>>> print(open('entry31.cif').read())   # mmCIF, C-alpha atoms
data_run
loop_
_atom_site.label_atom_id
_atom_site.label_comp_id
_atom_site.auth_asym_id
_atom_site.auth_seq_id
_atom_site.Cartn_x
_atom_site.Cartn_y
_atom_site.Cartn_z
CA MET A 17 -35.31 11.44 -4.80
CA THR A 18 -33.60 11.48 -8.22
CA ASP A 19 -34.32 8.37 -10.26
CA PRO A 20 -31.34 6.05 -9.60
CA LEU A 21 -31.44 4.89 -13.20
CA ASN A 22 -30.39 8.38 -14.27
CA HIS A 23 -27.19 8.05 -12.21
CA TRP A 24 -26.31 4.66 -13.68
CA ALA A 25 -26.67 6.13 -17.17
CA ARG A 26 -23.56 8.30 -16.65
CA PRO A 27 -20.64 7.71 -19.01
CA ALA A 28 -18.30 4.88 -18.05
CA GLY A 29 -15.42 5.96 -15.84
CA SER A 30 -17.19 8.86 -14.18
CA ALA A 31 -18.28 6.87 -11.12
CA VAL A 32 -17.22 3.88 -9.05
CA LEU A 33 -19.61 0.98 -8.54
CA LEU A 34 -19.91 -0.05 -4.89
CA ASP A 35 -21.11 -3.61 -5.13
CA GLY A 36 -22.67 -4.80 -1.87
CA PHE A 37 -23.37 -3.52 1.63
CA HIS A 38 -19.79 -3.79 2.86
CA ALA A 39 -18.33 -1.82 -0.04
CA LEU A 40 -20.85 0.96 0.58
CA LYS A 41 -20.21 0.86 4.33
CA HIS A 42 -16.44 1.26 3.91
CA ALA A 43 -16.76 3.97 1.29
CA LEU A 44 -18.96 6.03 3.61
CA ARG A 45 -16.62 5.49 6.56
CA PHE A 46 -13.70 6.88 4.61
CA GLY A 47 -15.41 9.94 3.22
CA ALA A 48 -16.50 8.89 -0.26
CA GLU A 49 -19.05 11.04 -2.02
CA VAL A 50 -21.98 8.72 -2.74
CA PRO A 51 -24.76 10.32 -4.77
CA VAL A 52 -27.03 7.28 -5.01
CA ALA A 53 -27.53 3.87 -3.38
CA VAL A 54 -30.18 1.25 -4.07
CA THR A 55 -31.39 -1.99 -2.51
CA THR A 56 -34.16 -4.47 -3.04
CA ASP A 57 -34.97 -4.49 0.69
CA ARG A 58 -34.38 -1.21 2.50
CA ALA A 59 -35.49 -2.52 5.89
CA ALA A 60 -33.10 -5.48 5.67
CA ALA A 61 -30.19 -3.25 4.63
CA LEU A 62 -30.79 -0.88 7.53
CA ALA A 63 -31.11 -3.82 9.92
CA LEU A 64 -27.71 -5.01 8.68
CA ALA A 65 -26.36 -1.53 9.36
CA ASN A 66 -27.75 -1.60 12.88
CA GLU A 67 -25.95 -4.90 13.46
CA LEU A 68 -22.63 -4.35 11.68
CA ALA A 69 -22.16 -0.64 11.03
CA PRO A 70 -24.22 1.60 13.32
CA ASP A 71 -21.76 4.42 12.63
CA VAL A 72 -23.05 4.77 9.06
CA ARG A 73 -26.67 3.79 9.66
CA GLU A 74 -27.93 7.37 9.53
CA ALA A 75 -26.08 8.08 6.30
CA LEU A 76 -27.46 4.90 4.76
CA ALA A 77 -30.99 5.79 5.82
CA GLY A 78 -30.68 9.03 3.91
CA LEU A 79 -29.22 7.39 0.81
CA LEU A 80 -30.91 4.05 0.20
CA THR A 81 -33.69 3.86 -2.34
CA GLU A 82 -35.68 0.63 -2.58
CA VAL A 83 -36.05 -0.67 -6.12
CA ALA A 84 -37.60 -3.73 -7.67
CA PRO A 85 -35.34 -6.80 -7.94
CA GLU A 86 -35.36 -6.60 -11.72
CA THR A 87 -34.27 -2.96 -11.57
CA TYR A 88 -31.43 -3.81 -9.20
CA ALA A 89 -30.35 -6.70 -11.44
CA SER A 90 -30.23 -4.34 -14.42
CA LEU A 91 -27.77 -2.04 -12.61
CA VAL A 92 -25.09 -4.57 -11.66
CA SER A 93 -23.55 -7.35 -13.71
CA ARG A 94 -23.26 -9.76 -10.77
CA PRO A 95 -25.87 -9.16 -8.04
CA HIS A 96 -24.41 -9.16 -4.54
CA PRO A 97 -25.98 -11.35 -1.81
CA THR A 98 -26.79 -8.23 0.23
CA ALA A 99 -28.71 -6.77 -2.74
CA VAL A 100 -27.15 -3.34 -2.20
CA ALA A 101 -25.37 -1.24 -4.82
CA ALA A 102 -24.22 2.36 -5.01
CA LEU A 103 -22.22 4.77 -7.08
CA ALA A 104 -19.39 6.84 -5.60
CA VAL A 105 -17.31 9.65 -7.03
CA ARG A 106 -13.80 8.45 -7.80
CA PRO A 107 -11.09 10.45 -6.03
CA SER A 108 -9.21 12.72 -8.40
CA ARG A 109 -5.92 11.48 -9.78
CA GLU A 110 -4.33 14.74 -8.70
CA ALA A 111 -5.37 14.22 -5.07
CA ASN A 112 -4.07 10.66 -5.06
CA LEU A 113 -0.75 11.69 -6.61
CA ARG A 114 -0.32 14.39 -3.97
CA GLU A 115 -0.91 11.82 -1.24
CA LEU A 116 1.52 9.35 -2.79
CA ALA A 117 4.19 12.03 -3.18
CA ARG A 118 3.81 13.44 0.33
CA VAL A 119 6.95 13.23 2.47
CA PRO A 120 7.84 12.20 5.02
CA ARG A 121 5.71 9.07 4.77
CA VAL A 122 4.63 7.21 7.89
CA ALA A 123 3.65 4.01 6.08
CA PRO A 124 4.83 2.19 2.95
CA ILE A 125 3.44 2.32 -0.56
CA ILE A 126 2.56 -1.00 -2.20
CA VAL A 127 3.42 -1.47 -5.88
CA LEU A 128 1.86 -4.30 -7.85
CA ASP A 129 4.06 -4.67 -10.91
CA GLU A 130 1.98 -5.64 -13.93
CA PRO A 131 -0.61 -7.67 -11.99
CA ARG A 132 -3.04 -9.85 -13.91
CA ASN A 133 -5.70 -11.01 -11.47
CA LEU A 134 -8.41 -8.49 -10.59
CA GLY A 135 -9.45 -10.30 -7.43
CA ASN A 136 -5.88 -10.44 -6.13
CA ALA A 137 -5.50 -6.70 -6.71
CA GLY A 138 -8.67 -6.04 -4.72
CA ALA A 139 -7.48 -8.24 -1.87
CA VAL A 140 -4.19 -6.33 -1.75
CA ILE A 141 -5.99 -2.98 -1.55
CA ARG A 142 -8.07 -4.33 1.33
CA LEU A 143 -4.87 -5.42 3.10
CA ALA A 144 -3.18 -2.09 2.46
CA ALA A 145 -6.13 -0.24 3.97
CA GLY A 146 -6.09 -2.51 7.00
CA PHE A 147 -2.40 -1.86 7.65
CA GLY A 148 -2.73 1.88 6.99
CA ALA A 149 -0.45 1.85 3.95
CA THR A 150 -0.03 5.17 2.17
CA GLY A 151 -1.33 3.77 -1.09
CA VAL A 152 -1.39 1.05 -3.73
CA ILE A 153 0.08 1.57 -7.19
CA THR A 154 -0.32 -0.76 -10.14
CA THR A 155 1.84 -0.75 -13.25
CA GLY A 156 0.81 -2.28 -16.55
CA THR A 157 -2.65 -2.61 -18.04
CA LEU A 158 -4.80 -3.62 -15.06
CA ASP A 159 -7.15 -0.85 -13.95
CA PRO A 160 -7.05 -0.78 -10.11
CA TRP A 161 -10.51 0.85 -10.13
CA HIS A 162 -12.13 -1.88 -12.21
CA PRO A 163 -15.46 -2.93 -10.62
CA THR A 164 -14.10 -6.41 -9.86
CA VAL A 165 -11.11 -4.90 -8.06
CA VAL A 166 -13.36 -2.56 -6.06
CA ARG A 167 -15.57 -5.52 -5.15
CA GLY A 168 -12.51 -7.50 -4.01
CA GLY A 169 -11.34 -4.50 -2.00
CA ALA A 170 -14.72 -4.17 -0.26
CA GLY A 171 -14.86 -0.45 -0.96
CA LEU A 172 -11.56 0.24 0.81
CA HIS A 173 -10.14 2.05 -2.20
CA PHE A 174 -11.38 5.14 -0.39
CA ALA A 175 -9.19 4.40 2.64
CA THR A 176 -5.89 4.65 0.75
CA ALA A 177 -4.53 6.24 -2.44
CA VAL A 178 -4.98 3.90 -5.42
CA GLU A 179 -3.51 4.77 -8.81
CA ARG A 180 -1.94 3.26 -11.93
CA LEU A 181 1.52 4.60 -12.82
CA THR A 182 4.53 3.64 -14.88
CA VAL A 183 7.75 2.59 -13.17
CA PRO A 184 9.48 5.96 -13.95
CA GLU A 185 6.51 7.73 -12.31
CA LEU A 186 6.86 5.95 -8.96
CA PRO A 187 7.18 8.26 -5.94
CA ARG A 188 10.51 8.90 -4.30
CA GLY A 189 11.67 6.41 -1.70
CA PRO A 190 13.68 3.23 -1.31
CA VAL A 191 12.24 0.36 -3.35
CA TYR A 192 12.22 -3.04 -1.67
CA ALA A 193 11.19 -5.61 -4.28
CA LEU A 194 10.17 -9.16 -3.45
CA ASP A 195 12.13 -11.71 -5.42
CA PRO A 196 13.19 -15.35 -4.84
CA GLU A 197 16.83 -14.33 -5.29
CA GLY A 198 16.71 -11.60 -2.64
CA GLU A 199 17.92 -11.56 0.93
CA ASP A 200 15.75 -13.08 3.65
CA ILE A 201 13.23 -10.41 4.63
CA ARG A 202 13.64 -11.37 8.28
CA SER A 203 17.13 -9.85 8.28
CA THR A 204 15.85 -6.45 7.10
CA LYS A 205 14.02 -3.69 8.95
CA LEU A 206 11.63 -2.05 6.49
CA PRO A 207 11.47 1.74 6.83
CA ASP A 208 8.20 3.63 6.96
CA ASP A 209 8.91 5.34 3.64
CA ALA A 210 9.56 2.05 1.83
CA ILE A 211 8.05 1.31 -1.55
CA LEU A 212 7.23 -2.40 -1.42
CA ALA A 213 7.09 -3.91 -4.90
CA PHE A 214 5.60 -7.26 -5.87
CA GLY A 215 5.85 -8.89 -9.29
CA SER A 216 3.02 -10.37 -11.27
CA GLU A 217 1.47 -13.66 -10.24
CA ARG A 218 3.10 -15.55 -13.11
CA THR A 219 6.21 -13.74 -14.34
CA GLY A 220 7.52 -11.92 -11.28
CA LEU A 221 9.20 -8.52 -11.46
CA SER A 222 9.44 -6.69 -14.76
CA THR A 223 12.83 -5.65 -16.07
CA ASP A 224 12.06 -1.99 -15.39
CA LEU A 225 11.00 -2.56 -11.81
CA ARG A 226 13.95 -4.81 -11.05
CA ALA A 227 16.28 -2.09 -12.35
CA ARG A 228 14.53 0.49 -10.14
CA ALA A 229 14.79 -1.66 -6.99
CA ASP A 230 17.23 -0.66 -4.27
CA HIS A 231 16.87 -3.96 -2.40
CA LEU A 232 15.67 -7.46 -3.32
CA LEU A 233 14.02 -9.44 -0.53
CA ARG A 234 12.57 -12.92 -0.31
CA LEU A 235 9.93 -14.37 1.97
CA PRO A 236 10.67 -17.55 3.94
CA MET A 237 9.22 -20.52 2.09
CA ARG A 238 9.58 -24.27 2.30
CA PRO A 239 11.66 -25.83 -0.51
CA GLN A 240 9.66 -27.23 -3.44
CA VAL A 241 6.77 -24.82 -2.80
CA SER A 242 6.56 -22.67 -5.90
CA SER A 243 5.16 -19.40 -4.58
CA TYR A 244 2.67 -17.63 -2.35
CA ASN A 245 -0.52 -15.99 -3.49
CA LEU A 246 0.06 -12.29 -4.20
CA ALA A 247 -2.16 -11.07 -1.38
CA THR A 248 -0.47 -13.48 1.02
CA SER A 249 2.95 -12.12 0.05
CA VAL A 250 1.77 -8.56 0.63
CA ALA A 251 0.23 -9.49 3.98
CA MET A 252 3.43 -11.17 5.17
CA THR A 253 5.53 -8.19 4.10
CA LEU A 254 3.26 -5.60 5.70
CA PHE A 255 3.14 -7.63 8.90
CA HIS A 256 6.95 -7.72 8.94
CA TRP A 257 7.00 -3.92 8.45
CA SER A 258 4.49 -3.37 11.25
CA ALA A 259 6.18 -5.66 13.80
CA PRO A 260 8.00 -3.86 16.67
#
>>> encode(input="entry31.cif", output="structure tokens")
Amino acid sequence: MTDPLNHWARPAGSAVLLDGFHALKHALRFGAEVPVAVTTDRAAALALANELAPDVREALAGLLTEVAPETYASLVSRPHPTAVAALAVRPSREANLRELARVPRVAPIIVLDEPRNLGNAGAVIRLAAGFGATGVITTGTLDPWHPTVVRGGAGLHFATAVERLTVPELPRGPVYALDPEGEDIRSTKLPDDAILAFGSERTGLSTDLRARADHLLRLPMRPQVSSYNLATSVAMTLFHWSAP
């Protein structure tokens, strides 16, 4: 097999780091192209596949290369407890934009407006994949394909369209933005083609996104509680959308 070190020597941005068994498992399930995967204990990784993901066990058996612990540690900045890492080919921007622009939509698009926390962004992508959302868009400077975001998303970037856009570039569709001054979300039926927008963890909606919003909605919250975690807000909103 090709030396895995040769793959990790590729220029930054040409591949996505799958950090841990679960990220690799999800990427394979959703059709990611994975040219190389390594582990410090091949037998243990395949035993984990037998237990938790027999559907991808055969693919893993053909991919995994056992390497020395020091080699594995040199490939990842923060070794994962499962001691598994892989590289996947990032979906093309063009393909993601086509998916985001496709109409009619059968599930909402999530917009994270100028998010700051990489872990929160990853958790939102994991939620979006679980609910079958069409995609997740970030505005601002945060790269939604940053390794920390992919780690937080457990490889589920490959289950939904994930891109960074500006507010003017958002796909067509009614924008429902979460804001403390909005109407109670419980009085609104969210359509399948909704664009659900959430402000940053600290400053809320940007001026541009607020101007683009067609509706402002608020989540029920006890007085004197400042806010919900971003991923919690997205989960509550997606659950409201999905309810009969």
>>> resolve_selection(input="entry31.cif", expression="the PyMOL selection byres ((chain A and resi 199-215) around 8)", output="ChimeraX atom specification")
/A:120-131,189-195,197-198,216-217,219-222,232-236,246,250,256-257
>>> atom_distance(input="entry31.cif", atom1="CA of Val140 (chain A)", atom2="CA of Phe46 (chain A)")
17.5 Å
>>> residues_around(input="entry31.cif", residues="Ala84 (chain A)", least_positions_apart="6", cutoff="12 Å", atoms="all atoms listed in the file", output="list of chain:residue names")
A:Pro20, A:Leu21, A:Val54, A:Thr55, A:Thr56, A:Asp57, A:Arg58, A:Ser90, A:Leu91, A:Ala99, A:Val100
>>> closest_residue(input="entry31.cif", among="A:Ala102, A:Ala177, A:Ala53, A:Pro97", to="Pro163 (chain A)", atoms="all atoms listed in the file")
A:Ala102
>>> closest_residue(input="entry31.cif", among="A:Arg238, A:His173, A:Arg218, A:Lys41", to="Gly151 (chain A)", atoms="only C-alpha atoms")
A:His173
>>> closest_residue(input="entry31.cif", among="A:Tyr88, A:Phe255, A:Trp161, A:Tyr244", to="Leu143 (chain A)", atoms="only C-alpha atoms")
A:Phe255
>>> resolve_selection(input="entry31.cif", expression="the PyMOL selection byres ((chain A and resi 39) around 9)", output="PDB file with C-alpha atoms, in the coordinates of the input")
ATOM      1  CA  LEU A  34     -19.910  -0.050  -4.890  1.00  0.00           C
ATOM      2  CA  ASP A  35     -21.110  -3.610  -5.130  1.00  0.00           C
ATOM      3  CA  GLY A  36     -22.670  -4.800  -1.870  1.00  0.00           C
ATOM      4  CA  PHE A  37     -23.370  -3.520   1.630  1.00  0.00           C
ATOM      5  CA  HIS A  38     -19.790  -3.790   2.860  1.00  0.00           C
ATOM      6  CA  LEU A  40     -20.850   0.960   0.580  1.00  0.00           C
ATOM      7  CA  LYS A  41     -20.210   0.860   4.330  1.00  0.00           C
ATOM      8  CA  HIS A  42     -16.440   1.260   3.910  1.00  0.00           C
ATOM      9  CA  ALA A  43     -16.760   3.970   1.290  1.00  0.00           C
ATOM     10  CA  LEU A  44     -18.960   6.030   3.610  1.00  0.00           C
ATOM     11  CA  ALA A 101     -25.370  -1.240  -4.820  1.00  0.00           C
ATOM     12  CA  ALA A 102     -24.220   2.360  -5.010  1.00  0.00           C
ATOM     13  CA  VAL A 166     -13.360  -2.560  -6.060  1.00  0.00           C
ATOM     14  CA  ARG A 167     -15.570  -5.520  -5.150  1.00  0.00           C
ATOM     15  CA  GLY A 169     -11.340  -4.500  -2.000  1.00  0.00           C
ATOM     16  CA  ALA A 170     -14.720  -4.170  -0.260  1.00  0.00           C
ATOM     17  CA  GLY A 171     -14.860  -0.450  -0.960  1.00  0.00           C
ATOM     18  CA  LEU A 172     -11.560   0.240   0.810  1.00  0.00           C
TER      19      LEU A 172
END
>>> closest_residue(input="entry31.cif", among="A:Val178, A:Ile141, A:Leu254, A:Val183", to="Arg226 (chain A)", atoms="all atoms listed in the file")
A:Val183
>>> atom_distance(input="entry31.cif", atom1="CA of Glu115 (chain A)", atom2="CA of Thr182 (chain A)")
16.8 Å
>>> atom_distance(input="entry31.cif", atom1="CA of Glu185 (chain A)", atom2="CA of Ala117 (chain A)")
10.4 Å
>>> residues_around(input="entry31.cif", residues="Asp19 (chain A)", least_positions_apart="6", cutoff="12 Å", atoms="only C-alpha atoms", output="ChimeraX atom specification")
/A:25,51-54,80-83,87
>>> write_last_selection(input="entry31.cif", atoms="C-alpha atoms", output="compact mmCIF listing (two decimals), in the coordinates of the input")
# COMPACT_ATOMS: atom_id res chain seq x y z
CA ALA A 25 -26.67 6.13 -17.17
CA PRO A 51 -24.76 10.32 -4.77
CA VAL A 52 -27.03 7.28 -5.01
CA ALA A 53 -27.53 3.87 -3.38
CA VAL A 54 -30.18 1.25 -4.07
CA LEU A 80 -30.91 4.05 0.20
CA THR A 81 -33.69 3.86 -2.34
CA GLU A 82 -35.68 0.63 -2.58
CA VAL A 83 -36.05 -0.67 -6.12
CA THR A 87 -34.27 -2.96 -11.57
>>> resolve_selection(input="entry31.cif", expression="the PyMOL selection byres ((chain A and resi 113) around 10)", output="VMD selection string")
chain A and resid 108 to 112 114 to 118 151 177 to 179 181 186 to 187
>>> write_last_selection(input="entry31.cif", atoms="C-alpha atoms", output="CSV table (one decimal), keeping the file's coordinate frame")
chain,number,residue,atom,x,y,z
A,108,SER,CA,-9.2,12.7,-8.4
A,109,ARG,CA,-5.9,11.5,-9.8
A,110,GLU,CA,-4.3,14.7,-8.7
A,111,ALA,CA,-5.4,14.2,-5.1
A,112,ASN,CA,-4.1,10.7,-5.1
A,114,ARG,CA,-0.3,14.4,-4.0
A,115,GLU,CA,-0.9,11.8,-1.2
A,116,LEU,CA,1.5,9.4,-2.8
A,117,ALA,CA,4.2,12.0,-3.2
A,118,ARG,CA,3.8,13.4,0.3
A,151,GLY,CA,-1.3,3.8,-1.1
A,177,ALA,CA,-4.5,6.2,-2.4
A,178,VAL,CA,-5.0,3.9,-5.4
A,179,GLU,CA,-3.5,4.8,-8.8
A,181,LEU,CA,1.5,4.6,-12.8
A,186,LEU,CA,6.9,6.0,-9.0
A,187,PRO,CA,7.2,8.3,-5.9
>>> closest_residue(input="entry31.cif", among="A:Gly156, A:Gly148, A:Gly135, A:Pro184", to="Ala247 (chain A)", atoms="only C-alpha atoms")
A:Gly135
>>> closest_residue(input="entry31.cif", among="A:Ala139, A:Glu74, A:Ala144, A:His96", to="Thr253 (chain A)", atoms="all atoms listed in the file")
A:Ala144
>>> build_atoms(input="entry31.cif", residues="region 43-54 of chain A", atoms="N, CA and C atoms", output="PDB file, in the frame of the given file")
ATOM      1  N   ALA A  43     -16.885   2.711   2.032  1.00  0.00           N
ATOM      2  CA  ALA A  43     -16.760   3.970   1.290  1.00  0.00           C
ATOM      3  C   ALA A  43     -17.278   5.141   2.124  1.00  0.00           C
ATOM      4  N   LEU A  44     -18.410   4.967   2.774  1.00  0.00           N
ATOM      5  CA  LEU A  44     -18.960   6.030   3.610  1.00  0.00           C
ATOM      6  C   LEU A  44     -18.050   6.330   4.796  1.00  0.00           C
ATOM      7  N   ARG A  45     -17.497   5.293   5.404  1.00  0.00           N
ATOM      8  CA  ARG A  45     -16.620   5.490   6.560  1.00  0.00           C
ATOM      9  C   ARG A  45     -15.396   6.335   6.211  1.00  0.00           C
ATOM     10  N   PHE A  46     -14.921   6.190   4.987  1.00  0.00           N
ATOM     11  CA  PHE A  46     -13.700   6.880   4.610  1.00  0.00           C
ATOM     12  C   PHE A  46     -13.950   8.079   3.692  1.00  0.00           C
ATOM     13  N   GLY A  47     -15.153   8.631   3.799  1.00  0.00           N
ATOM     14  CA  GLY A  47     -15.410   9.940   3.220  1.00  0.00           C
ATOM     15  C   GLY A  47     -15.755   9.979   1.754  1.00  0.00           C
ATOM     16  N   ALA A  48     -16.138   8.870   1.159  1.00  0.00           N
ATOM     17  CA  ALA A  48     -16.500   8.890  -0.260  1.00  0.00           C
ATOM     18  C   ALA A  48     -17.774   9.706  -0.481  1.00  0.00           C
ATOM     19  N   GLU A  49     -17.827  10.359  -1.605  1.00  0.00           N
ATOM     20  CA  GLU A  49     -19.050  11.040  -2.020  1.00  0.00           C
ATOM     21  C   GLU A  49     -19.924  10.041  -2.761  1.00  0.00           C
ATOM     22  N   VAL A  50     -21.081   9.740  -2.187  1.00  0.00           N
ATOM     23  CA  VAL A  50     -21.980   8.720  -2.740  1.00  0.00           C
ATOM     24  C   VAL A  50     -23.298   9.377  -3.105  1.00  0.00           C
ATOM     25  N   PRO A  51     -23.529   9.623  -4.383  1.00  0.00           N
ATOM     26  CA  PRO A  51     -24.760  10.320  -4.770  1.00  0.00           C
ATOM     27  C   PRO A  51     -26.007   9.455  -4.768  1.00  0.00           C
ATOM     28  N   VAL A  52     -25.848   8.134  -4.899  1.00  0.00           N
ATOM     29  CA  VAL A  52     -27.030   7.280  -5.010  1.00  0.00           C
ATOM     30  C   VAL A  52     -26.696   5.880  -4.511  1.00  0.00           C
ATOM     31  N   ALA A  53     -27.665   5.251  -3.832  1.00  0.00           N
ATOM     32  CA  ALA A  53     -27.530   3.870  -3.380  1.00  0.00           C
ATOM     33  C   ALA A  53     -28.899   3.215  -3.471  1.00  0.00           C
ATOM     34  N   VAL A  54     -28.917   1.956  -3.898  1.00  0.00           N
ATOM     35  CA  VAL A  54     -30.180   1.250  -4.070  1.00  0.00           C
ATOM     36  C   VAL A  54     -30.105  -0.117  -3.386  1.00  0.00           C
TER      37      VAL A  54
END
